[in-house]
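Okay, start37.csv is below, CSV, C-alpha atoms:
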```csv
chain,number,residue,atom,x,y,z
A,284,MET,CA,24.5,-13.6,4.8
A,285,ARG,CA,21.3,-15.2,3.5
A,286,ILE,CA,18.4,-12.8,3.1
A,287,LEU,CA,14.8,-13.6,2.1
A,288,LEU,CA,12.7,-10.7,0.9
A,289,ILE,CA,8.9,-11.3,0.7
A,290,HIS,CA,6.6,-8.8,-0.9
A,291,GLN,CA,3.3,-9.4,-2.8
A,292,ASN,CA,4.3,-6.7,-5.3
A,293,PHE,CA,8.1,-7.4,-5.2
A,294,PRO,CA,10.2,-5.4,-4.8
A,295,GLY,CA,7.8,-2.8,-3.4
A,296,GLN,CA,9.5,-0.8,-0.6
A,297,PHE,CA,12.5,-3.1,-0.8
A,298,ARG,CA,13.7,-2.0,-4.2
A,299,HIS,CA,16.8,-0.2,-3.0
A,300,VAL,CA,17.9,-2.6,-0.2
A,301,ALA,CA,17.4,-5.6,-2.5
A,302,ALA,CA,19.7,-4.2,-5.1
A,303,GLU,CA,22.3,-3.1,-2.6
A,304,TRP,CA,22.3,-6.4,-0.7
A,305,ALA,CA,22.4,-8.5,-3.9
A,306,ARG,CA,25.6,-6.7,-5.0
A,307,ARG,CA,27.5,-7.5,-1.8
A,308,PRO,CA,30.0,-10.3,-2.2
A,309,GLY,CA,29.1,-13.4,-0.3
A,310,TRP,CA,25.4,-12.4,0.2
A,311,GLN,CA,22.7,-14.6,-1.1
A,312,VAL,CA,19.4,-12.7,-1.7
A,313,ILE,CA,16.1,-14.4,-2.7
A,314,GLY,CA,12.9,-12.5,-3.4
A,315,ILE,CA,9.4,-13.9,-3.3
A,316,GLY,CA,6.5,-12.1,-5.0
A,317,ARG,CA,3.2,-12.8,-6.7
A,318,ASP,CA,3.0,-13.8,-10.3
A,319,THR,CA,2.0,-10.2,-11.1
A,320,ALA,CA,5.0,-8.6,-9.3
A,321,PRO,CA,7.2,-6.4,-11.5
A,322,GLY,CA,10.5,-7.8,-10.2
A,323,LEU,CA,13.7,-5.9,-10.4
A,324,PRO,CA,14.8,-5.1,-14.0
A,325,GLY,CA,18.5,-4.9,-14.2
A,326,LEU,CA,19.2,-7.7,-11.7
A,327,THR,CA,19.2,-11.2,-13.0
A,328,ASP,CA,16.4,-13.5,-11.7
A,329,ILE,CA,18.7,-16.4,-11.4
A,330,GLY,CA,22.3,-16.2,-10.3
A,331,THR,CA,24.8,-16.5,-7.5
A,332,GLY,CA,27.4,-13.7,-8.2
A,333,PRO,CA,27.4,-10.1,-7.1
A,334,GLY,CA,24.4,-8.3,-8.6
A,335,ALA,CA,22.4,-11.5,-8.8
A,336,LEU,CA,19.0,-11.9,-7.2
A,337,ARG,CA,16.8,-14.9,-7.5
A,338,LEU,CA,13.1,-14.1,-7.7
A,339,ILE,CA,10.5,-16.8,-7.0
A,340,ARG,CA,6.9,-16.1,-8.0
A,341,TYR,CA,3.9,-17.7,-6.5
A,342,LYS,CA,0.1,-17.7,-7.0
A,343,PRO,CA,-2.6,-18.6,-4.6
A,344,HIS,CA,-4.3,-21.8,-5.7
A,345,ARG,CA,-7.8,-20.1,-5.7
A,346,GLY,CA,-9.5,-16.8,-5.0
A,347,VAL,CA,-11.7,-15.9,-2.1
A,348,HIS,CA,-15.1,-17.7,-2.1
A,349,ARG,CA,-17.9,-15.4,-3.1
A,350,GLU,CA,-20.0,-16.7,-0.2
A,351,GLN,CA,-17.4,-15.6,2.4
A,352,HIS,CA,-18.6,-13.2,5.0
A,353,HIS,CA,-17.4,-9.8,3.9
A,354,TYR,CA,-15.7,-9.1,7.2
A,355,LEU,CA,-13.5,-12.1,6.6
A,356,ARG,CA,-12.7,-11.8,2.9
A,357,ARG,CA,-9.3,-10.2,3.6
A,358,MET,CA,-8.5,-12.8,6.1
A,359,GLU,CA,-9.3,-15.7,3.8
A,360,ASP,CA,-7.3,-14.0,1.1
A,361,ALA,CA,-4.4,-13.6,3.6
A,362,VAL,CA,-4.5,-17.4,4.4
A,363,LEU,CA,-4.4,-18.2,0.7
A,364,HIS,CA,-1.4,-16.0,0.2
A,365,GLY,CA,0.3,-17.4,3.3
A,366,GLN,CA,-0.4,-21.0,2.2
A,367,ALA,CA,1.1,-20.3,-1.2
A,368,VAL,CA,4.2,-18.7,0.2
A,369,ALA,CA,4.6,-21.5,2.8
A,370,ARG,CA,4.8,-24.0,0.0
A,371,VAL,CA,7.7,-21.9,-1.6
A,372,LEU,CA,9.4,-21.8,1.8
A,373,LEU,CA,9.1,-25.5,2.3
A,374,GLN,CA,10.7,-26.1,-1.2
A,375,LEU,CA,13.6,-23.7,-0.3
A,376,LYS,CA,14.1,-25.6,2.9
A,377,LYS,CA,14.1,-28.9,1.0
A,378,GLU,CA,16.8,-27.4,-1.3
A,379,GLY,CA,19.0,-26.6,1.7
A,380,PHE,CA,18.3,-22.9,1.9
A,381,THR,CA,17.7,-21.5,5.4
A,382,PRO,CA,17.7,-17.7,5.6
A,383,ASP,CA,19.4,-15.7,8.3
A,384,VAL,CA,16.7,-13.0,8.1
A,385,ILE,CA,13.3,-12.7,6.4
A,386,LEU,CA,12.3,-9.1,5.6
A,387,ALA,CA,8.7,-9.0,4.5
A,388,HIS,CA,5.7,-6.8,4.0
A,389,PRO,CA,3.0,-8.9,5.8
A,390,GLY,CA,0.0,-7.0,4.7
A,391,TRP,CA,-1.3,-9.7,2.4
A,392,GLY,CA,-0.7,-12.6,4.8
A,393,GLU,CA,2.4,-14.0,3.1
A,394,THR,CA,4.3,-14.5,6.3
A,395,LEU,CA,1.5,-16.1,8.3
A,396,TYR,CA,3.3,-19.5,8.4
A,397,ALA,CA,7.0,-18.3,7.8
A,398,LYS,CA,7.9,-19.1,11.4
A,399,ASP,CA,6.4,-22.6,11.1
A,400,VAL,CA,8.9,-23.3,8.3
A,401,PHE,CA,11.9,-21.4,9.7
A,402,PRO,CA,11.3,-21.1,13.4
A,403,HIS,CA,14.9,-19.9,14.2
A,404,THR,CA,15.1,-17.3,11.4
A,405,ARG,CA,14.7,-13.7,12.4
A,406,LEU,CA,11.4,-12.3,10.9
A,407,VAL,CA,11.3,-8.6,10.3
A,408,HIS,CA,8.0,-7.0,9.2
A,409,TYR,CA,7.5,-3.8,7.4
A,410,CYS,CA,4.7,-2.3,9.6
A,411,GLU,CA,3.1,0.0,7.2
A,412,TRP,CA,-0.3,0.2,8.8
A,413,PHE,CA,-2.8,-0.6,11.6
A,414,TYR,CA,-6.4,0.5,11.4
A,415,ASN,CA,-7.9,2.8,13.9
A,416,THR,CA,-11.6,3.7,14.0
A,417,PRO,CA,-13.6,6.4,15.8
A,418,PRO,CA,-16.4,5.5,18.3
A,419,LEU,CA,-19.9,6.0,17.0
A,420,ASP,CA,-20.9,7.6,20.3
A,421,GLY,CA,-19.9,11.2,20.4
A,422,LEU,CA,-18.6,11.3,16.9
A,423,ASP,CA,-20.3,14.6,16.1
A,424,GLN,CA,-18.6,16.2,19.1
A,425,LEU,CA,-15.1,15.4,18.0
A,426,ASP,CA,-13.0,18.3,16.6
A,427,ARG,CA,-12.2,17.5,13.0
A,428,ALA,CA,-9.4,20.0,13.1
A,429,THR,CA,-7.5,17.7,15.5
A,430,TRP,CA,-9.0,14.4,14.2
A,431,PRO,CA,-7.3,11.6,16.2
A,432,TYR,CA,-8.2,8.8,13.9
A,433,ALA,CA,-6.6,7.9,10.6
A,434,ASP,CA,-8.9,5.7,8.6
A,435,VAL,CA,-12.6,6.5,8.5
A,436,GLY,CA,-14.9,9.2,9.6
A,437,PHE,CA,-12.7,12.1,8.9
A,438,ASP,CA,-14.9,13.3,6.0
A,439,PRO,CA,-18.5,14.2,7.1
A,440,GLU,CA,-19.7,13.5,3.6
A,441,PHE,CA,-19.1,9.8,4.2
A,442,PRO,CA,-20.5,9.0,7.7
A,443,VAL,CA,-19.3,6.0,9.6
A,444,THR,CA,-21.6,3.0,10.0
A,445,PHE,CA,-21.4,0.2,12.6
A,446,ASP,CA,-20.7,-2.1,9.7
A,447,ASP,CA,-17.6,0.0,8.8
A,448,LEU,CA,-16.3,-0.3,12.3
A,449,ALA,CA,-16.9,-4.1,12.6
A,450,ARG,CA,-15.3,-4.8,9.2
A,451,ILE,CA,-12.2,-2.8,10.1
A,452,ARG,CA,-11.9,-4.4,13.5
A,453,SER,CA,-12.0,-7.8,11.8
A,454,TRP,CA,-9.4,-6.7,9.3
A,455,ASN,CA,-7.0,-5.9,12.1
A,456,ALA,CA,-6.9,-9.6,13.1
A,457,LEU,CA,-4.3,-10.2,10.4
A,458,HIS,CA,-2.2,-7.3,11.5
A,459,LEU,CA,-2.3,-8.5,15.2
A,460,LEU,CA,-1.1,-11.9,14.1
A,461,ASN,CA,1.7,-10.2,12.1
A,462,LEU,CA,2.8,-8.2,15.1
A,463,GLN,CA,2.8,-11.2,17.3
A,464,ASN,CA,4.7,-13.4,14.8
A,465,CYS,CA,7.5,-11.1,13.9
A,466,ASP,CA,10.8,-10.6,15.9
A,467,ALA,CA,11.0,-7.0,14.9
A,468,GLY,CA,9.1,-4.4,12.9
A,469,ILE,CA,10.0,-1.4,10.8
A,470,SER,CA,7.8,1.6,10.1
A,471,PRO,CA,8.8,4.3,7.6
A,472,THR,CA,7.5,7.2,9.8
A,473,HIS,CA,6.8,7.9,13.4
A,474,TRP,CA,3.1,8.6,12.5
A,475,GLN,CA,2.7,5.2,11.0
A,476,LYS,CA,4.3,3.5,14.0
A,477,ALA,CA,2.0,5.4,16.3
A,478,GLN,CA,-1.1,3.8,14.7
A,479,HIS,CA,-0.1,0.4,16.1
A,480,PRO,CA,-1.2,-0.9,19.5
A,481,ALA,CA,0.9,0.3,22.5
A,482,ALA,CA,1.7,-3.3,23.5
A,483,TYR,CA,3.8,-3.8,20.3
A,484,LEU,CA,5.4,-0.4,19.9
A,485,ASP,CA,8.7,-1.6,21.5
A,486,LYS,CA,9.0,-4.0,18.6
A,487,ILE,CA,8.9,-1.3,15.9
A,488,THR,CA,11.8,0.8,14.8
A,489,VAL,CA,11.3,3.9,12.6
A,490,ALA,CA,13.4,3.7,9.4
A,491,HIS,CA,12.4,5.5,6.3
A,492,GLU,CA,13.0,3.4,3.1
A,493,GLY,CA,14.5,6.5,1.4
A,494,ILE,CA,13.8,8.5,-1.8
A,495,ASP,CA,15.9,8.3,-4.9
A,496,THR,CA,16.4,12.0,-5.2
A,497,GLU,CA,18.8,11.6,-8.1
A,498,ASN,CA,15.9,10.3,-10.2
A,499,LEU,CA,12.9,11.7,-8.5
A,500,GLY,CA,12.7,15.4,-8.5
A,501,PRO,CA,11.6,18.5,-10.5
A,502,ASP,CA,12.6,18.3,-14.2
A,503,PRO,CA,13.1,21.9,-15.4
A,504,ASP,CA,12.8,20.7,-19.0
A,505,ALA,CA,9.6,18.7,-18.6
A,506,VAL,CA,7.1,18.9,-21.5
A,507,ILE,CA,3.7,17.3,-21.9
A,508,LYS,CA,1.4,17.3,-24.9
A,509,THR,CA,-2.3,16.8,-24.1
A,510,PRO,CA,-4.6,14.8,-26.3
A,511,SER,CA,-6.0,18.1,-27.6
A,512,GLY,CA,-2.6,19.2,-28.7
A,513,GLU,CA,-1.8,21.7,-25.9
A,514,ILE,CA,1.9,21.9,-25.1
A,515,LEU,CA,2.6,22.4,-21.4
A,516,LYS,CA,6.2,23.1,-20.2
A,517,ALA,CA,7.7,23.3,-16.7
A,518,ASN,CA,8.1,26.8,-15.3
A,519,ASP,CA,6.1,28.4,-18.1
A,520,PRO,CA,4.9,31.7,-16.6
A,521,ASP,CA,2.1,32.0,-19.2
A,522,LYS,CA,0.8,28.5,-18.6
A,523,PRO,CA,1.2,27.4,-14.9
A,524,VAL,CA,0.4,23.8,-14.4
A,525,ILE,CA,-1.4,22.2,-11.4
A,526,THR,CA,-0.9,18.4,-11.0
A,527,TYR,CA,-2.8,15.8,-9.0
A,528,VAL,CA,-1.3,12.3,-9.0
A,529,ALA,CA,-2.7,9.2,-7.1
A,530,ARG,CA,-2.8,5.5,-7.7
A,531,ASN,CA,-6.6,5.8,-7.9
A,532,LEU,CA,-8.9,8.8,-8.0
A,533,GLU,CA,-11.0,8.5,-4.9
A,534,PRO,CA,-12.3,10.5,-1.9
A,535,TYR,CA,-9.9,8.8,0.5
A,536,ARG,CA,-7.1,10.6,-1.5
A,537,GLY,CA,-9.0,13.9,-1.5
A,538,PHE,CA,-9.9,13.7,-5.2
A,539,HIS,CA,-13.5,15.0,-4.7
A,540,THR,CA,-12.2,18.0,-2.7
A,541,PHE,CA,-9.6,18.7,-5.4
A,542,MET,CA,-12.1,18.6,-8.2
A,543,ARG,CA,-14.6,20.8,-6.4
A,544,ALA,CA,-11.9,23.4,-5.8
A,545,LEU,CA,-10.9,23.6,-9.5
A,546,PRO,CA,-13.7,25.9,-10.7
A,547,ALA,CA,-12.7,28.6,-8.1
A,548,VAL,CA,-9.0,28.1,-8.9
A,549,GLN,CA,-9.5,28.5,-12.6
A,550,ARG,CA,-11.7,31.6,-12.2
A,551,GLU,CA,-8.8,33.2,-10.3
A,552,HIS,CA,-6.1,31.9,-12.6
A,553,ARG,CA,-7.6,31.7,-16.1
A,554,ASN,CA,-4.4,30.6,-17.8
A,555,ALA,CA,-3.8,27.7,-15.3
A,556,HIS,CA,-3.9,24.2,-16.7
A,557,VAL,CA,-4.6,21.1,-14.6
A,558,VAL,CA,-3.1,17.6,-15.2
A,559,ILE,CA,-4.6,14.7,-13.3
A,560,VAL,CA,-3.1,11.2,-13.3
A,561,GLY,CA,-4.7,8.2,-11.6
A,562,GLY,CA,-6.7,5.1,-12.1
A,563,ASP,CA,-10.4,4.4,-11.9
A,564,ASP,CA,-10.3,1.6,-9.3
A,565,VAL,CA,-10.9,2.0,-5.6
A,566,SER,CA,-8.0,1.3,-3.2
A,567,TYR,CA,-9.8,2.5,0.0
A,568,GLY,CA,-13.4,3.2,0.7
A,569,ALA,CA,-16.2,2.3,-1.7
A,570,ARG,CA,-17.3,3.0,-5.2
A,571,PRO,CA,-19.9,5.8,-5.8
A,572,LYS,CA,-23.5,4.5,-5.9
A,573,ASP,CA,-24.5,6.7,-8.9
A,574,ALA,CA,-21.5,6.4,-11.2
A,575,LYS,CA,-19.1,3.8,-12.6
A,576,ASN,CA,-16.1,5.5,-10.8
A,577,TRP,CA,-15.2,8.7,-8.9
A,578,ARG,CA,-13.7,10.3,-12.0
A,579,GLU,CA,-17.0,10.1,-13.9
A,580,LYS,CA,-19.0,11.2,-10.8
A,581,MET,CA,-16.9,14.3,-10.2
A,582,LEU,CA,-16.8,15.2,-13.9
A,583,ALA,CA,-20.6,15.0,-13.9
A,584,GLU,CA,-20.7,17.2,-10.8
A,585,VAL,CA,-18.2,20.0,-11.7
A,586,GLY,CA,-17.0,19.2,-15.2
A,587,SER,CA,-19.1,21.8,-16.9
A,588,GLN,CA,-17.5,24.5,-14.7
```
The structure given in the file should be rewritten as structure tokens.
Amino acid sequence: MRILLIHQNFPGQFRHVAAEWARRPGWQVIGIGRDTAPGLPGLTDIGTGPGALRLIRYKPHRGVHREQHHYLRRMEDAVLHGQAVARVLLQLKKEGFTPDVILAHPGWGETLYAKDVFPHTRLVHYCEWFYNTPPLDGLDQLDRATWPYADVGFDPEFPVTFDDLARIRSWNALHLLNLQNCDAGISPTHWQKAQHPAAYLDKITVAHEGIDTENLGPDPDAVIKTPSGEILKANDPDKPVITYVARNLEPYRGFHTFMRALPAVQREHRNAHVVIVGGDDVSYGARPKDAKNWREKMLAEVGSQ
């Protein structure tokens, strides 16, 4: 079996299957990821025996033009990623490698031209997301307790604009191409599958990628020392700990709501400590207009409390 795994941040969601498949005798597994991808420590990058996985890194030859229309920036970026990966695929084909299956996360455009290089190879996409936006008309009458849309408009503090809707509709062009190009799709949850257009739902199978519960779980002996010297221990009845963890601290992930709740929580539980972990970048939504990042903005708003 020849398997090609493609993920901009390789291995991404394919960490466990990549390791399992690479160990199987007779299986040849090649991964493709960006030059910034972490790879799979513990598996050799070059090899042919059990436990070996070859990782090929790529880099788009340029970035998105600054003058590009902002609705199309993601699409141009996707084409650049797709072009870079297509060059890798063409080289593999020249070397005599033809995969039986390509499993890929297509969200960055990497598989846009995979079928043009390997037209007879089964292409399986990890269908993580498809954008849905509410209509501007009647938005105020929608019941937010049963909000049917998943992307924008759910927080009245950040009202939806026509520009938001047009931009998101344009972003979906890539995802529609991905749905059309693949032979099959996989979504980790029924909810994520349900975000995709009805015309493509028959293509998508729900299969969760799994959680490594042997390594990911509560640690009864966990200890953390804060910069001020405070020692916090798991299950300490005298110092209960509240944690908030996100890739980036931003309203899309409820960071503003969490921060505004803390003064009331700490008034009720004066010995509670709060540990917040996250970056200052923006993964979704926009940066605050009156601060460098959302951490600084929320500290300015409620930090004194």
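Computed from the coordinates, the atom CA of Val528 of chain A to atom CA of His388 of chain A distance equals 24.1 Å.
Minimum distance to Pro503 of chain A across A:His539, A:Arg307, A:Lys516, A:Arg553 (counting only C-alpha atoms) occurs at A:Lys516.
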Practice task
Between atom CA of Arg452 of chain A and atom CA of Leu372 of chain A, measure the distance and give it in Å to one decimal.
Solution key: 29.9 Å
Write out as a Markdown table the residues of segment 332-389 of chain A that have any atom within 12 Å of an atom of segment 460-472 of chain A, one row each with the nearest atom pair and its distance in Å to one decimal, counting all atoms listed in the file, sorted by chain and then rising number.
```
| residue | atom | partner | partner_atom | distance |
| --- | --- | --- | --- | --- |
| A:Met358 | CA | A:Leu460 | CA | 10.9 |
| A:Ala361 | CA | A:Asn461 | CA | 11.0 |
| A:Val362 | CA | A:Leu460 | CA | 11.7 |
| A:Gly365 | CA | A:Asn461 | CA | 11.5 |
| A:Val384 | CA | A:Asp466 | CA | 10.1 |
| A:Ile385 | CA | A:Cys465 | CA | 9.6 |
| A:Leu386 | CA | A:Gly468 | CA | 9.3 |
| A:Ala387 | CA | A:Gly468 | CA | 9.6 |
| A:His388 | CA | A:Asn461 | CA | 9.7 |
| A:Pro389 | CA | A:Asn461 | CA | 6.6 |
```
Completion exercise
Separating atom CA of Asp502 of chain A from atom CA of Ala517 of chain A, to the nearest tenth of an Å, is a gap of 7.4 Å
Handout entry: Selection: 6 Å around Arg285 of chain A, all atoms listed in the file, excl. self and same-chain fewer than 6 positions, as an MDAnalysis selection string
Key = chainID A and resid 310:311 382:383
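If you measure from each of A:Ala397, A:Leu422, A:Leu363, A:Val489 to Gly436 of chain A using all atoms listed in the file, the closest one turns out to be A:Leu422.
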Problem - Minimum-distance residue to Arg570 of chain A, chosen among A:Thr540, A:Asn518, A:Ala335, A:Tyr535 (using all atoms listed in the file) - result: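 Checking each of A:Thr540, A:Asn518, A:Ala335, A:Tyr535 against Arg570 of chain A, counting all atoms listed in the file, the winner is A:Tyr535.
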Please, could all heavy atoms be added to segment 504-515 of chain A and the result written as a short mmCIF file (atom, residue, chain, number, x, y, z; two decimals), in the frame of the given file?
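The resulting rebuild15.cif:
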```cif
data_model
loop_
_atom_site.label_atom_id
_atom_site.label_comp_id
_atom_site.auth_asym_id
_atom_site.auth_seq_id
_atom_site.Cartn_x
_atom_site.Cartn_y
_atom_site.Cartn_z
N ASP A 504 13.06 20.76 -17.60
CA ASP A 504 12.80 20.70 -19.00
C ASP A 504 11.57 19.83 -19.36
O ASP A 504 11.36 19.43 -20.52
CB ASP A 504 14.02 20.05 -19.74
CG ASP A 504 15.29 20.87 -19.53
OD1 ASP A 504 15.21 22.11 -19.63
OD2 ASP A 504 16.34 20.27 -19.26
N ALA A 505 10.74 19.55 -18.36
CA ALA A 505 9.60 18.70 -18.60
C ALA A 505 8.60 19.33 -19.57
O ALA A 505 8.33 20.53 -19.53
CB ALA A 505 8.86 18.47 -17.23
N VAL A 506 8.08 18.48 -20.47
CA VAL A 506 7.10 18.90 -21.50
C VAL A 506 6.05 17.82 -21.60
O VAL A 506 6.38 16.62 -21.58
CB VAL A 506 7.77 19.13 -22.86
CG1 VAL A 506 6.71 19.50 -23.89
CG2 VAL A 506 8.83 20.21 -22.78
N ILE A 507 4.79 18.22 -21.69
CA ILE A 507 3.70 17.30 -21.90
C ILE A 507 2.78 17.80 -22.97
O ILE A 507 2.49 19.00 -23.00
CB ILE A 507 2.94 16.95 -20.60
CG1 ILE A 507 1.89 15.86 -20.84
CG2 ILE A 507 2.29 18.20 -20.02
CD1 ILE A 507 1.20 15.40 -19.58
N LYS A 508 2.36 16.91 -23.87
CA LYS A 508 1.40 17.30 -24.90
C LYS A 508 0.09 16.61 -24.59
O LYS A 508 0.01 15.38 -24.50
CB LYS A 508 1.91 16.86 -26.28
CG LYS A 508 0.98 17.28 -27.43
CD LYS A 508 1.57 16.88 -28.78
CE LYS A 508 0.66 17.32 -29.91
NZ LYS A 508 1.23 16.93 -31.25
N THR A 509 -0.95 17.38 -24.40
CA THR A 509 -2.30 16.80 -24.10
C THR A 509 -2.91 16.23 -25.30
O THR A 509 -2.51 16.53 -26.44
CB THR A 509 -3.17 17.91 -23.47
OG1 THR A 509 -3.51 18.83 -24.51
CG2 THR A 509 -2.47 18.66 -22.34
N PRO A 510 -3.93 15.40 -25.13
CA PRO A 510 -4.60 14.80 -26.30
C PRO A 510 -5.19 15.88 -27.24
O PRO A 510 -5.33 15.64 -28.45
CB PRO A 510 -5.75 13.99 -25.65
CG PRO A 510 -5.20 13.61 -24.31
CD PRO A 510 -4.40 14.80 -23.86
N SER A 511 -5.49 17.07 -26.71
CA SER A 511 -6.00 18.10 -27.60
C SER A 511 -4.95 18.89 -28.32
O SER A 511 -5.25 19.78 -29.14
CB SER A 511 -6.83 19.13 -26.73
OG SER A 511 -5.97 19.79 -25.80
N GLY A 512 -3.68 18.56 -28.03
CA GLY A 512 -2.60 19.20 -28.70
C GLY A 512 -1.93 20.33 -27.94
O GLY A 512 -0.97 20.95 -28.41
N GLU A 513 -2.42 20.64 -26.76
CA GLU A 513 -1.80 21.70 -25.90
C GLU A 513 -0.46 21.26 -25.43
O GLU A 513 -0.27 20.13 -24.98
CB GLU A 513 -2.75 21.93 -24.71
CG GLU A 513 -2.39 23.14 -23.89
CD GLU A 513 -2.89 24.43 -24.50
OE1 GLU A 513 -3.98 24.41 -25.14
OE2 GLU A 513 -2.21 25.46 -24.34
N ILE A 514 0.51 22.15 -25.54
CA ILE A 514 1.90 21.90 -25.10
C ILE A 514 2.08 22.59 -23.75
O ILE A 514 1.94 23.81 -23.65
CB ILE A 514 2.92 22.38 -26.10
CG1 ILE A 514 2.68 21.74 -27.47
CG2 ILE A 514 4.33 22.08 -25.60
CD1 ILE A 514 2.87 20.24 -27.49
N LEU A 515 2.40 21.81 -22.72
CA LEU A 515 2.60 22.40 -21.40
C LEU A 515 4.10 22.14 -21.02
O LEU A 515 4.63 21.04 -21.18
CB LEU A 515 1.73 21.68 -20.35
CG LEU A 515 0.23 21.76 -20.62
CD1 LEU A 515 -0.54 20.98 -19.56
CD2 LEU A 515 -0.25 23.20 -20.67
#
```
